[in-house]
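A.B. asks: Dropping in protein_7.cif, with mmCIF, C-alpha atoms.
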```
data_start
#
loop_
_atom_site.label_atom_id
_atom_site.label_comp_id
_atom_site.auth_asym_id
_atom_site.auth_seq_id
_atom_site.Cartn_x
_atom_site.Cartn_y
_atom_site.Cartn_z
CA MET A 23 -29.40 -10.34 -13.02
CA ASP A 24 -29.13 -13.15 -10.44
CA ARG A 25 -27.96 -16.74 -10.81
CA SER A 26 -31.48 -18.16 -11.27
CA SER A 27 -32.18 -15.77 -14.16
CA VAL A 28 -29.00 -16.87 -15.91
CA LEU A 29 -29.82 -20.55 -15.48
CA ARG A 30 -33.38 -20.07 -16.73
CA LEU A 31 -32.25 -18.08 -19.76
CA ILE A 32 -29.61 -20.65 -20.74
CA GLN A 33 -32.03 -23.55 -20.35
CA GLU A 34 -34.85 -21.88 -22.28
CA GLN A 35 -32.64 -20.77 -25.20
CA GLN A 36 -30.48 -23.93 -25.24
CA LEU A 37 -27.29 -21.89 -25.44
CA ASP A 38 -25.20 -24.99 -24.77
CA PRO A 39 -27.10 -27.87 -26.44
CA GLU A 40 -24.02 -30.13 -26.61
CA ASN A 41 -23.13 -29.57 -22.94
CA THR A 42 -19.62 -28.37 -23.79
CA GLY A 43 -19.48 -26.03 -20.81
CA PHE A 44 -18.93 -22.97 -23.05
CA ILE A 45 -21.32 -20.29 -24.30
CA GLY A 46 -20.85 -17.79 -27.11
CA ALA A 47 -20.41 -14.32 -25.62
CA ASP A 48 -22.03 -12.48 -28.53
CA THR A 49 -25.03 -14.78 -28.47
CA PHE A 50 -25.54 -14.36 -24.76
CA ALA A 51 -25.12 -10.56 -24.88
CA GLY A 52 -27.71 -10.38 -27.69
CA LEU A 53 -30.18 -12.42 -25.66
CA VAL A 54 -29.66 -10.14 -22.66
CA HIS A 55 -30.63 -7.11 -24.76
CA SER A 56 -33.56 -8.86 -26.48
CA HIS A 57 -35.00 -10.09 -23.18
CA GLU A 58 -34.32 -6.74 -21.47
CA LEU A 59 -32.64 -8.40 -18.53
CA PRO A 60 -30.73 -5.99 -16.27
CA LEU A 61 -26.98 -6.44 -16.56
CA ASP A 62 -24.48 -3.74 -15.69
CA PRO A 63 -22.74 -2.26 -18.76
CA ALA A 64 -19.42 -2.81 -17.01
CA LYS A 65 -20.20 -6.52 -16.73
CA LEU A 66 -20.98 -6.71 -20.45
CA ASP A 67 -17.56 -5.15 -21.07
CA MET A 68 -16.04 -7.77 -18.82
CA LEU A 69 -17.93 -10.48 -20.69
CA VAL A 70 -16.45 -9.36 -24.02
CA ALA A 71 -12.98 -9.21 -22.47
CA LEU A 72 -13.46 -12.68 -21.05
CA ALA A 73 -14.42 -14.05 -24.47
CA GLN A 74 -11.46 -12.25 -26.04
CA SER A 75 -9.12 -14.49 -24.08
CA ASN A 76 -10.72 -17.62 -25.59
CA GLU A 77 -9.73 -18.73 -29.10
CA ARG A 78 -13.35 -19.41 -30.09
CA GLY A 79 -14.80 -16.28 -28.50
CA GLN A 80 -16.64 -18.29 -25.89
CA VAL A 81 -17.11 -17.99 -22.17
CA CYS A 82 -16.95 -20.83 -19.66
CA TYR A 83 -20.39 -21.38 -18.16
CA GLN A 84 -19.13 -21.24 -14.57
CA GLU A 85 -17.19 -18.06 -15.23
CA LEU A 86 -20.33 -16.52 -16.72
CA VAL A 87 -22.28 -17.39 -13.56
CA ASP A 88 -19.48 -15.96 -11.41
CA LEU A 89 -19.53 -12.77 -13.44
CA VAL A 90 -23.24 -12.08 -13.09
CA SER A 91 -23.05 -13.09 -9.41
CA SER A 92 -20.24 -10.54 -8.85
CA LYS A 93 -17.72 -13.27 -8.05
CA ARG A 94 -14.27 -13.48 -9.59
CA SER A 95 -11.87 -16.39 -9.55
CA SER A 96 -8.17 -16.38 -10.32
CA SER A 97 -8.82 -17.78 -13.81
CA PHE A 98 -11.40 -15.07 -14.41
CA LYS A 99 -8.97 -12.33 -13.42
CA ARG A 100 -6.30 -13.75 -15.73
CA ALA A 101 -8.81 -13.86 -18.57
CA ILE A 102 -9.72 -10.25 -17.96
CA ALA A 103 -6.05 -9.27 -17.93
CA ASN A 104 -5.47 -11.08 -21.24
CA GLY A 105 -8.52 -9.55 -22.87
CA GLN A 106 -8.51 -6.08 -21.38
CA ARG A 107 -7.81 -4.52 -24.83
CA ALA A 108 -11.50 -5.17 -25.47
CA LEU A 109 -12.45 -2.92 -22.58
CA PRO A 110 -12.98 0.83 -23.09
CA ARG A 111 -9.66 2.53 -22.47
CA ASP A 112 -11.18 5.56 -20.75
CA GLY A 113 -10.54 5.82 -17.04
CA LEU A 114 -13.17 6.45 -14.42
CA PRO A 115 -15.60 9.34 -14.97
CA ASP A 116 -14.47 12.80 -13.91
CA GLU A 117 -15.68 14.08 -10.57
CA ALA A 118 -17.82 16.71 -12.28
CA GLY A 119 -21.37 15.40 -12.45
CA LEU A 120 -20.86 12.73 -9.80
CA GLY A 121 -22.67 12.74 -6.49
CA VAL A 122 -20.84 13.04 -3.18
CA TYR A 123 -20.85 9.30 -2.48
CA LYS A 124 -19.75 8.36 -6.01
CA ARG A 125 -16.90 10.84 -5.68
CA LEU A 126 -15.86 9.05 -2.51
CA VAL A 127 -16.02 5.70 -4.31
CA ARG A 128 -13.90 7.11 -7.13
CA TYR A 129 -11.37 8.46 -4.62
CA VAL A 130 -11.19 5.10 -2.81
CA ALA A 131 -10.71 3.24 -6.09
CA TYR A 132 -7.66 5.33 -6.95
CA GLU A 133 -6.32 5.19 -3.38
CA ILE A 134 -6.54 1.43 -2.85
CA LEU A 135 -6.53 -0.45 -6.16
CA PRO A 136 -3.43 -0.64 -8.40
CA CYS A 137 -5.08 -1.93 -11.61
CA GLU A 138 -7.34 0.10 -13.91
CA VAL A 139 -9.54 -2.92 -14.64
CA ASP A 140 -10.04 -3.47 -10.92
CA ARG A 141 -10.79 0.21 -10.40
CA ARG A 142 -13.46 0.14 -13.12
CA TRP A 143 -14.92 -3.06 -11.74
CA TYR A 144 -15.08 -1.61 -8.22
CA PHE A 145 -16.49 1.76 -9.31
CA TYR A 146 -19.37 0.29 -11.33
CA ARG A 147 -20.34 -2.60 -9.06
CA HIS A 148 -19.89 -0.94 -5.65
CA ARG A 149 -23.01 -0.56 -3.56
CA SER A 150 -23.44 1.62 -0.50
CA CYS A 151 -25.00 -1.23 1.47
CA PRO A 152 -23.55 -2.61 3.62
CA PRO A 153 -21.50 0.44 4.68
CA PRO A 154 -18.03 0.10 6.23
CA VAL A 155 -19.39 -0.37 9.74
CA PHE A 156 -16.56 -2.37 11.34
CA MET A 157 -13.82 0.24 11.44
CA VAL A 158 -16.26 3.02 12.35
CA SER A 159 -17.77 0.91 15.15
CA VAL A 160 -14.37 -0.05 16.58
CA THR A 161 -13.19 3.57 16.53
CA LEU A 162 -16.42 4.79 18.14
CA ALA A 163 -16.19 2.14 20.86
CA GLN A 164 -12.57 3.10 21.59
CA VAL A 165 -13.50 6.77 21.90
CA ILE A 166 -16.42 5.99 24.24
CA VAL A 167 -14.28 3.77 26.48
CA PHE A 168 -11.55 6.42 26.60
CA LEU A 169 -14.02 9.15 27.54
CA CYS A 170 -15.53 6.99 30.28
CA TYR A 171 -12.16 6.21 31.86
CA GLY A 172 -10.93 9.77 31.37
CA ALA A 173 -13.92 11.14 33.25
CA ARG A 174 -13.68 8.47 35.93
CA LEU A 175 -9.95 8.91 36.54
CA ASN A 176 -9.90 12.65 35.74
CA LYS A 177 -6.83 11.97 33.60
CA TRP A 178 -6.56 12.29 29.81
CA VAL A 179 -2.84 11.80 29.15
CA LEU A 180 -0.68 8.88 30.34
CA GLN A 181 -3.67 7.17 31.93
CA THR A 182 -1.64 4.01 32.59
CA TYR A 183 0.13 5.78 35.47
CA HIS A 184 -3.10 6.05 37.41
CA PRO A 185 -3.28 3.22 39.99
CA GLU A 186 -6.90 2.43 39.08
CA TYR A 187 -6.32 2.16 35.34
CA MET A 188 -4.81 -1.34 35.32
CA LYS A 189 -7.78 -2.67 37.28
CA SER A 190 -9.91 -2.45 34.15
CA PRO A 191 -11.25 -5.85 32.99
CA LEU A 192 -10.29 -4.88 29.43
CA VAL A 193 -6.52 -4.43 29.88
CA TYR A 194 -4.19 -7.33 29.11
CA HIS A 195 -2.04 -7.98 32.17
CA PRO A 196 0.32 -10.99 32.47
CA GLY A 197 -1.19 -11.77 35.86
CA HIS A 198 -4.58 -12.23 34.22
CA ARG A 199 -3.54 -14.50 31.32
CA ALA A 200 -6.26 -16.99 32.17
CA ARG A 201 -8.90 -14.39 31.29
CA ALA A 202 -8.63 -15.01 27.56
CA TRP A 203 -10.87 -12.13 26.48
CA ARG A 204 -8.19 -9.67 27.56
CA PHE A 205 -5.99 -10.79 24.63
CA LEU A 206 -8.50 -8.94 22.40
CA THR A 207 -10.30 -6.38 24.56
CA TYR A 208 -7.11 -4.45 25.35
CA MET A 209 -7.60 -2.79 21.95
CA PHE A 210 -10.34 -0.60 23.49
CA MET A 211 -7.98 0.91 26.10
CA HIS A 212 -5.34 3.55 25.31
CA VAL A 213 -2.42 5.17 27.10
CA GLY A 214 -3.81 8.62 26.50
CA LEU A 215 -5.37 11.05 24.11
CA GLU A 216 -2.29 11.09 21.87
CA GLN A 217 -2.31 7.31 21.23
CA LEU A 218 -6.08 7.22 20.73
CA GLY A 219 -5.93 10.12 18.27
CA PHE A 220 -3.16 8.49 16.24
CA ASN A 221 -4.92 5.12 16.05
CA ALA A 222 -8.36 6.57 15.36
CA LEU A 223 -7.01 8.74 12.55
CA LEU A 224 -5.32 5.82 10.81
CA GLN A 225 -8.32 3.55 11.30
CA LEU A 226 -10.60 6.06 9.58
CA MET A 227 -8.17 7.21 6.87
CA ILE A 228 -6.86 3.76 5.89
CA GLY A 229 -9.17 1.21 7.51
CA VAL A 230 -12.45 2.59 6.17
CA PRO A 231 -11.30 2.74 2.49
CA LEU A 232 -9.85 -0.77 2.80
CA GLU A 233 -13.15 -2.04 4.21
CA MET A 234 -15.09 -0.35 1.41
CA VAL A 235 -13.01 -2.21 -1.19
CA HIS A 236 -12.27 -5.56 0.43
CA GLY A 237 -15.31 -5.97 2.64
CA LEU A 238 -16.06 -6.29 6.33
CA LEU A 239 -15.04 -9.93 6.76
CA ARG A 240 -11.55 -9.63 5.30
CA ILE A 241 -10.62 -6.35 6.98
CA SER A 242 -12.07 -7.33 10.37
CA LEU A 243 -10.13 -10.61 10.14
CA LEU A 244 -6.91 -8.73 9.38
CA TYR A 245 -7.46 -6.17 12.15
CA LEU A 246 -8.33 -8.73 14.83
CA ALA A 247 -5.48 -11.00 13.73
CA GLY A 248 -3.10 -8.09 14.32
CA VAL A 249 -4.64 -7.35 17.72
CA LEU A 250 -4.41 -10.99 18.84
CA ALA A 251 -0.87 -11.39 17.51
CA GLY A 252 0.12 -8.23 19.39
CA SER A 253 -0.93 -9.44 22.84
CA LEU A 254 0.39 -12.97 22.28
CA THR A 255 3.75 -11.62 21.11
CA VAL A 256 4.00 -9.47 24.23
CA SER A 257 3.22 -12.51 26.39
CA ILE A 258 6.22 -14.28 24.78
CA THR A 259 8.81 -11.52 24.33
CA ASP A 260 7.98 -9.05 27.12
CA MET A 261 6.51 -11.33 29.74
CA ARG A 262 6.17 -8.79 32.57
CA ALA A 263 4.47 -6.03 30.58
CA PRO A 264 0.77 -5.25 30.10
CA VAL A 265 -0.70 -4.13 26.76
CA VAL A 266 -3.21 -1.41 25.87
CA GLY A 267 -4.28 0.22 22.60
CA GLY A 268 -5.36 -0.94 19.16
CA SER A 269 -1.90 -0.52 17.65
CA GLY A 270 -1.60 -4.20 16.71
CA GLY A 271 -4.62 -3.96 14.42
CA VAL A 272 -3.74 -0.48 13.17
CA TYR A 273 -0.21 -1.49 12.20
CA ALA A 274 -1.56 -4.61 10.48
CA LEU A 275 -3.78 -2.46 8.26
CA CYS A 276 -1.16 0.22 7.59
CA SER A 277 1.68 -2.21 6.89
CA ALA A 278 -0.48 -4.23 4.50
CA HIS A 279 -1.55 -1.11 2.61
CA LEU A 280 1.96 0.36 2.41
CA ALA A 281 3.42 -2.96 1.27
CA ASN A 282 0.71 -3.25 -1.39
CA VAL A 283 1.48 0.29 -2.62
CA VAL A 284 5.21 -0.45 -2.84
CA MET A 285 4.71 -3.74 -4.72
CA ASN A 286 2.32 -2.06 -7.18
CA TRP A 287 4.05 1.30 -7.33
CA ALA A 288 3.65 1.84 -11.07
CA GLY A 289 -0.06 1.04 -11.06
CA MET A 290 -1.07 3.14 -8.06
CA ARG A 291 -2.70 6.45 -9.02
CA CYS A 292 -2.96 8.10 -5.60
CA PRO A 293 -1.45 11.62 -5.66
CA TYR A 294 1.83 12.43 -3.87
CA LYS A 295 2.33 8.76 -3.07
CA LEU A 296 6.06 9.08 -2.32
CA LEU A 297 5.55 11.98 0.08
CA ARG A 298 2.65 10.24 1.78
CA MET A 299 4.65 7.03 2.07
CA VAL A 300 7.50 8.87 3.79
CA LEU A 301 5.14 10.70 6.15
CA ALA A 302 3.36 7.46 7.06
CA LEU A 303 6.63 5.67 7.82
CA VAL A 304 7.89 8.61 9.89
CA CYS A 305 4.65 8.78 11.92
CA MET A 306 4.54 5.01 12.49
CA SER A 307 8.21 4.90 13.48
CA SER A 308 7.73 7.85 15.84
CA GLU A 309 4.82 6.11 17.53
CA VAL A 310 6.93 2.97 18.03
CA GLY A 311 9.78 5.10 19.40
CA ARG A 312 7.42 6.80 21.80
CA ALA A 313 6.12 3.41 23.01
CA VAL A 314 9.70 2.18 23.57
CA TRP A 315 10.48 5.34 25.56
CA LEU A 316 7.41 4.93 27.78
CA ARG A 317 8.21 1.26 28.32
CA PHE A 318 11.82 1.66 29.48
CA SER A 319 12.05 5.30 30.62
CA PRO A 320 8.69 6.19 32.19
CA PRO A 321 8.42 9.94 32.80
CA LEU A 322 6.36 9.44 35.96
CA PRO A 323 6.60 7.07 38.93
CA ALA A 324 4.69 3.89 38.21
CA SER A 325 3.54 0.96 40.33
CA GLY A 326 4.56 -1.59 37.70
CA PRO A 327 5.91 -2.07 34.17
CA GLN A 328 4.42 0.15 31.50
CA PRO A 329 2.67 -1.23 28.37
CA SER A 330 4.87 -3.01 25.86
CA PHE A 331 5.65 -1.82 22.33
CA MET A 332 5.89 -5.32 20.84
CA ALA A 333 2.24 -5.26 19.75
CA HIS A 334 3.16 -2.61 17.15
CA LEU A 335 5.82 -4.84 15.60
CA ALA A 336 3.65 -7.96 15.68
CA GLY A 337 0.85 -6.09 13.90
CA ALA A 338 3.28 -4.96 11.21
CA VAL A 339 4.39 -8.56 10.61
CA VAL A 340 0.77 -9.70 10.31
CA GLY A 341 0.10 -6.88 7.85
CA VAL A 342 3.05 -7.67 5.59
CA SER A 343 2.18 -11.39 5.53
CA MET A 344 -1.55 -12.01 5.93
CA GLY A 345 -2.63 -8.48 5.05
CA LEU A 346 -0.68 -8.28 1.81
CA THR A 347 -2.13 -11.62 0.71
CA ILE A 348 -5.65 -10.29 1.34
CA LEU A 349 -5.11 -6.97 -0.43
CA ARG A 350 -3.55 -8.62 -3.48
CA SER A 351 -6.58 -10.94 -3.82
CA TYR A 352 -9.22 -8.32 -4.61
CA GLU A 353 -12.46 -10.07 -5.62
CA GLU A 354 -10.68 -13.44 -5.71
CA ARG A 355 -11.44 -16.36 -3.46
CA LEU A 356 -8.75 -16.60 -0.82
CA GLY A 357 -9.18 -20.35 -0.73
CA ASP A 358 -7.81 -20.52 -4.28
CA GLN A 359 -4.56 -18.82 -3.25
CA CYS A 360 -1.72 -21.12 -2.21
CA GLY A 361 -0.07 -18.23 -0.36
CA TRP A 362 -3.20 -17.78 1.76
CA TRP A 363 -2.97 -21.33 3.12
CA VAL A 364 0.73 -20.88 3.83
CA VAL A 365 -0.01 -17.70 5.81
CA LEU A 366 -2.87 -19.38 7.71
CA LEU A 367 -0.63 -22.33 8.56
CA ALA A 368 2.09 -20.01 9.84
CA TYR A 369 -0.40 -17.96 11.89
CA GLY A 370 -2.05 -21.08 13.29
CA THR A 371 1.36 -22.48 14.29
CA PHE A 372 2.15 -19.22 16.06
CA LEU A 373 -1.18 -19.32 17.92
CA LEU A 374 -0.59 -22.88 19.14
CA PHE A 375 2.95 -22.04 20.24
CA ALA A 376 1.75 -18.92 22.07
CA ILE A 377 -1.04 -20.83 23.84
CA PHE A 378 1.35 -23.52 25.10
CA TRP A 379 3.85 -20.81 26.07
CA ASN A 380 1.28 -19.01 28.19
CA ILE A 381 0.22 -22.26 29.86
CA PHE A 382 3.64 -23.73 30.67
CA ALA A 383 6.55 -21.34 30.03
CA TYR A 384 5.92 -18.84 32.82
CA ASP A 385 6.23 -21.54 35.48
CA LEU A 386 9.07 -23.42 33.77
CA LEU A 387 11.14 -20.26 33.34
CA GLY A 388 10.27 -18.92 36.77
CA ALA A 389 9.21 -15.59 35.28
CA HIS A 390 8.55 -12.92 37.87
CA VAL A 391 5.16 -11.53 36.94
CA PRO A 392 3.96 -8.34 38.64
CA PRO A 393 0.98 -9.05 40.87
CA PRO A 394 -2.29 -8.25 39.12
CA PRO A 395 -3.98 -5.07 40.33
#
```
Could you write out this file's structure as structure tokens?

C.D. replies:
Amino acid sequence: MDRSSVLRLIQEQQLDPENTGFIGADTFAGLVHSHELPLDPAKLDMLVALAQSNERGQVCYQELVDLVSSKRSSSFKRAIANGQRALPRDGLPDEAGLGVYKRLVRYVAYEILPCEVDRRWYFYRHRSCPPPVFMVSVTLAQVIVFLCYGARLNKWVLQTYHPEYMKSPLVYHPGHRARAWRFLTYMFMHVGLEQLGFNALLQLMIGVPLEMVHGLLRISLLYLAGVLAGSLTVSITDMRAPVVGGSGGVYALCSAHLANVVMNWAGMRCPYKLLRMVLALVCMSSEVGRAVWLRFSPPLPASGPQPSFMAHLAGAVVGVSMGLTILRSYEERLGDQCGWWVVLLAYGTFLLFAIFWNIFAYDLLGAHVPPPP
């Protein structure tokens, strides 16, 4: 049922003749059945739960429109939480009898969402179109770029030590700060097969489920915010170093997800969550340690400074701040969240500071920047 059908039904049946802004839930549900209008059973359950939170058993007209339009506001979510005793207490259907894709949706619901009501909502309203194309496309592009440079340089590990590698127009190099696209495109280049494999694995294992739940716009915003924060942080804190790899975006996704799991520990139903949390932290810390080692103790002779590790840390900060706000606002409008505007203000302030730093600070501080290749 779309918005126009709801409006037409309400007008024809005069469900709100006194223009109070409220509609009886039982009356509306009966009309849906009598007119044979398609409405998901899960949404009817939500409608009853919504009415349960109102003393008169009524639903706000705008909340009803949001419900049938698959939109949820903060007030709607609170109403659902207050009236969830009206929802069926059974969990999601067992895997037996479900198709392959529905099994994947069920798995993602338990992996990502901490609340049973949210898991039911996601399971019953999820559609396969559009698919999670952003993370898959980014990963595929990174693999293609790596294969092209690997074949061209005939080097698959520690590619940054090859004298031709830093000449790529995609790499961020402090000598090429004026080429603004490099602050983002460095995410397509990687030190070697080991860094690419680590990032690609996390992007597919964590990024794809997050995109399936929270959508392309939110997850792409989080990923690119981590990537941009990574290169800008390097330009401020490690002014002589280049940057390669998508670690800024990867660490933004992983840090946001891990922080969300910790803050909703009791509600998460993913198996072996403590063991997986420890393994994830060990792997992420090891990757940062490896990047620090390559930066300050290069194993091979190099013509200039090796890529910085600060992008990893900047991505983690973005994930814990912006990312956690996004993941905790499932199916809610971010514009209604005060914390979202605080995070945007902080990120915007950082961007302005970083831009002015890159324009003026290098000359004022007399920073010795390696000549661009």

A.B. asks: Around (-2.1, 1.1, 28.1) in the file's own coordinates, what residues are found within 8 Å if you use only C-alpha atoms, given back as a VMD selection string?

C.D. replies: chain A and resid 181 to 182 193 208 211 to 214 264 to 267 328 to 329

A.B. asks: Quick one: apply the PyMOL selection byres ((chain A and resi 224) around 12) to the file and drop the selected residues here as a VMD selection string.

C.D. replies: chain A and resid 157 to 158 161 217 to 223 225 to 232 268 to 269 271 to 277 279 302 305 to 306

A.B. asks: Evaluate the PyMOL selection byres ((chain A and resi 206) around 12) and record the selected residues as a PDB file with C-alpha atoms, keeping the file's coordinate frame, following the chain and residue labels used in the document.

C.D. replies:
```
ATOM      1  CA  PRO A 191     -11.250  -5.850  32.990  1.00  0.00           C
ATOM      2  CA  LEU A 192     -10.290  -4.880  29.430  1.00  0.00           C
ATOM      3  CA  VAL A 193      -6.520  -4.430  29.880  1.00  0.00           C
ATOM      4  CA  TYR A 194      -4.190  -7.330  29.110  1.00  0.00           C
ATOM      5  CA  HIS A 195      -2.040  -7.980  32.170  1.00  0.00           C
ATOM      6  CA  ARG A 199      -3.540 -14.500  31.320  1.00  0.00           C
ATOM      7  CA  ARG A 201      -8.900 -14.390  31.290  1.00  0.00           C
ATOM      8  CA  ALA A 202      -8.630 -15.010  27.560  1.00  0.00           C
ATOM      9  CA  TRP A 203     -10.870 -12.130  26.480  1.00  0.00           C
ATOM     10  CA  ARG A 204      -8.190  -9.670  27.560  1.00  0.00           C
ATOM     11  CA  PHE A 205      -5.990 -10.790  24.630  1.00  0.00           C
ATOM     12  CA  THR A 207     -10.300  -6.380  24.560  1.00  0.00           C
ATOM     13  CA  TYR A 208      -7.110  -4.450  25.350  1.00  0.00           C
ATOM     14  CA  MET A 209      -7.600  -2.790  21.950  1.00  0.00           C
ATOM     15  CA  PHE A 210     -10.340  -0.600  23.490  1.00  0.00           C
ATOM     16  CA  MET A 211      -7.980   0.910  26.100  1.00  0.00           C
ATOM     17  CA  TYR A 245      -7.460  -6.170  12.150  1.00  0.00           C
ATOM     18  CA  LEU A 246      -8.330  -8.730  14.830  1.00  0.00           C
ATOM     19  CA  ALA A 247      -5.480 -11.000  13.730  1.00  0.00           C
ATOM     20  CA  GLY A 248      -3.100  -8.090  14.320  1.00  0.00           C
ATOM     21  CA  VAL A 249      -4.640  -7.350  17.720  1.00  0.00           C
ATOM     22  CA  LEU A 250      -4.410 -10.990  18.840  1.00  0.00           C
ATOM     23  CA  ALA A 251      -0.870 -11.390  17.510  1.00  0.00           C
ATOM     24  CA  GLY A 252       0.120  -8.230  19.390  1.00  0.00           C
ATOM     25  CA  SER A 253      -0.930  -9.440  22.840  1.00  0.00           C
ATOM     26  CA  LEU A 254       0.390 -12.970  22.280  1.00  0.00           C
ATOM     27  CA  VAL A 265      -0.700  -4.130  26.760  1.00  0.00           C
ATOM     28  CA  VAL A 266      -3.210  -1.410  25.870  1.00  0.00           C
ATOM     29  CA  GLY A 267      -4.280   0.220  22.600  1.00  0.00           C
ATOM     30  CA  GLY A 268      -5.360  -0.940  19.160  1.00  0.00           C
ATOM     31  CA  SER A 269      -1.900  -0.520  17.650  1.00  0.00           C
ATOM     32  CA  GLY A 270      -1.600  -4.200  16.710  1.00  0.00           C
ATOM     33  CA  GLY A 271      -4.620  -3.960  14.420  1.00  0.00           C
ATOM     34  CA  ALA A 333       2.240  -5.260  19.750  1.00  0.00           C
TER      35      ALA A 333
END
```

A.B. asks: Could you tell me which of A:Met290, A:Val340, A:Ile258, A:Val284 comes closest to A:Arg141 if we count all atoms listed in the file?

C.D. replies: A:Met290

A.B. asks: Report, in Å with one decimal, the straight-line distance from atom CA of A:Arg291 to atom CA of A:Arg142.

C.D. replies: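 Distance between the two atoms: 13.1 Å.
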